[in-house]
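Reviewing the structure listed below.
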Amino acid sequence: MTKLEPGAARPITGVLGWPAAHSRSPVIHHYWLKAYGLNGVYAPFEISPAEVGGFFKMLHVLGVRGLNVTTPHKQAAYAAADTLSERARRVEAVNTLTVGAAGEVHGDITDGWGFLQNIETESAWRAKGGRALIFGAGGAAGAIVDQLVEAGAQVVISNRTREKAAAIAARYTHSVEVAAWPPDPALAHDCGLLINGTTLGMLGHTPDPSDLPWARITRAEHVVATDLIYAPLETAFLADLRGKGAAIVDGLGMLLHQARPGFERWHGVDPKVTEELRAAALRTTGYLP
Ligand code: NAP
């Protein structure tokens, strides 16, 4: 751990995206740097897809110790990494880069880990022996399916474009099945965890209620429902399932937990997700004063 001392070198970390200015990651990392009295800089790096290859080559020279990577650079970061975690290799995407002392770049993907930490902290659902239905088969859904399978869950994927769900399922020899879009509601009733991993319900996109793939689910009293979207905090999906009796876990906690492994690698402290951090992140989404 590098304690805050005047004149000491300040490790540079940050978030890489295009755009990057909207990212909540600086709020999270600044909160932890201050909370643990650590020396460090956390900056947004807004780099275009055309320039990101050159940027990766400069990380060591610039003194960058680590990066959170967001859209659209997760595949480019995967390709640029010298070494990869097992889960990044399986998912073929990277959201966390760590630059070693000799300039070697390690890539990891922490979205699925952050998702599961949040669910198991905020609800009684457990992956080991559990069954989950996920709507969506994009990048985030792929990372979550991987983590759930690793942790011992059965997963059903329902996606508008069935081929993308099938491509994720094909990574595993067991534990993952592909359902229709929308799925048979009876299938959903057999799952203890329902996940919206699509962009349906993001701020600025008001979905047509008749299009929503969860509309025909009627029984949700014994279900935990969670969304990856955190703006708005209570999405159309969560409101609908809450009305049907489900316990609700919002998407903000995943965002906070997925940041922990990178911070620990860069600073040597496993940071805590606290109510105070959650409130600070919420203020940046405009849902709290
Ligand atoms: P992505 O790779 O672009 O995938 C988008 C998914 O949404 C695909 O499954 C896509 O289906 C589906 N979709 C989009 N429009 C749709 C429509 N009109 N009808 C039905 N399905 C539709 O995105 P991603 O990176 O996985 O992100 C997904 C969501 O998770 C985003 O809202 C993102 O902000 C959120 N997220 C949150 C966190 C967190 O920490 N809380 C982390 C990562 C992502 P098709 O395959 O058919 O196109």
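Every chain in the structure tokens takes a letter, A first, then B, and so on in the order presented; its residues are numbered from 1, and the ligands are numbered from 1 following the presented order.
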Hey, which residues come within 6 Å of ligand 1 if we count only C-alpha atoms and all ligand atoms? Could you give them as a list in words? Asp111, Gly136, Ala137, Gly138, Gly139, Ala140, Ala141, Asn159, Arg160, Thr161, Lys164, Gly197, Thr198, Thr199, Leu200, Met202, Leu228, Ile229, Tyr230, Gly251, Leu252, Met254 and Leu255 of chain A
Distance query Val269 (chain A) at most 9 Å, only C-alpha atoms, self and fewer than 2 positions along chain excluded, as a ChimeraX atom specification: /A:1,36,260,263-267,271
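The smallest atom-to-atom distance between Leu97 (chain A) and any of A:Leu187, A:Ile248, A:Val145, A:Leu59, using only C-alpha atoms, is found for A:Leu59.
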Could you please determine the separation between CA of Ala132 (chain A) and CA of His73 (chain A) in Å, to one decimal place? 28.2 Å
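Shortest separation to Thr274 (chain A) among A:Ala21, A:Ala165, A:Ala76, A:Ala35 occurs at residue A:Ala35, atoms counted being only C-alpha atoms.
Between CA of Val61 (chain A) and CA of Ala259 (chain A) there is a distance of 24.2 Å.
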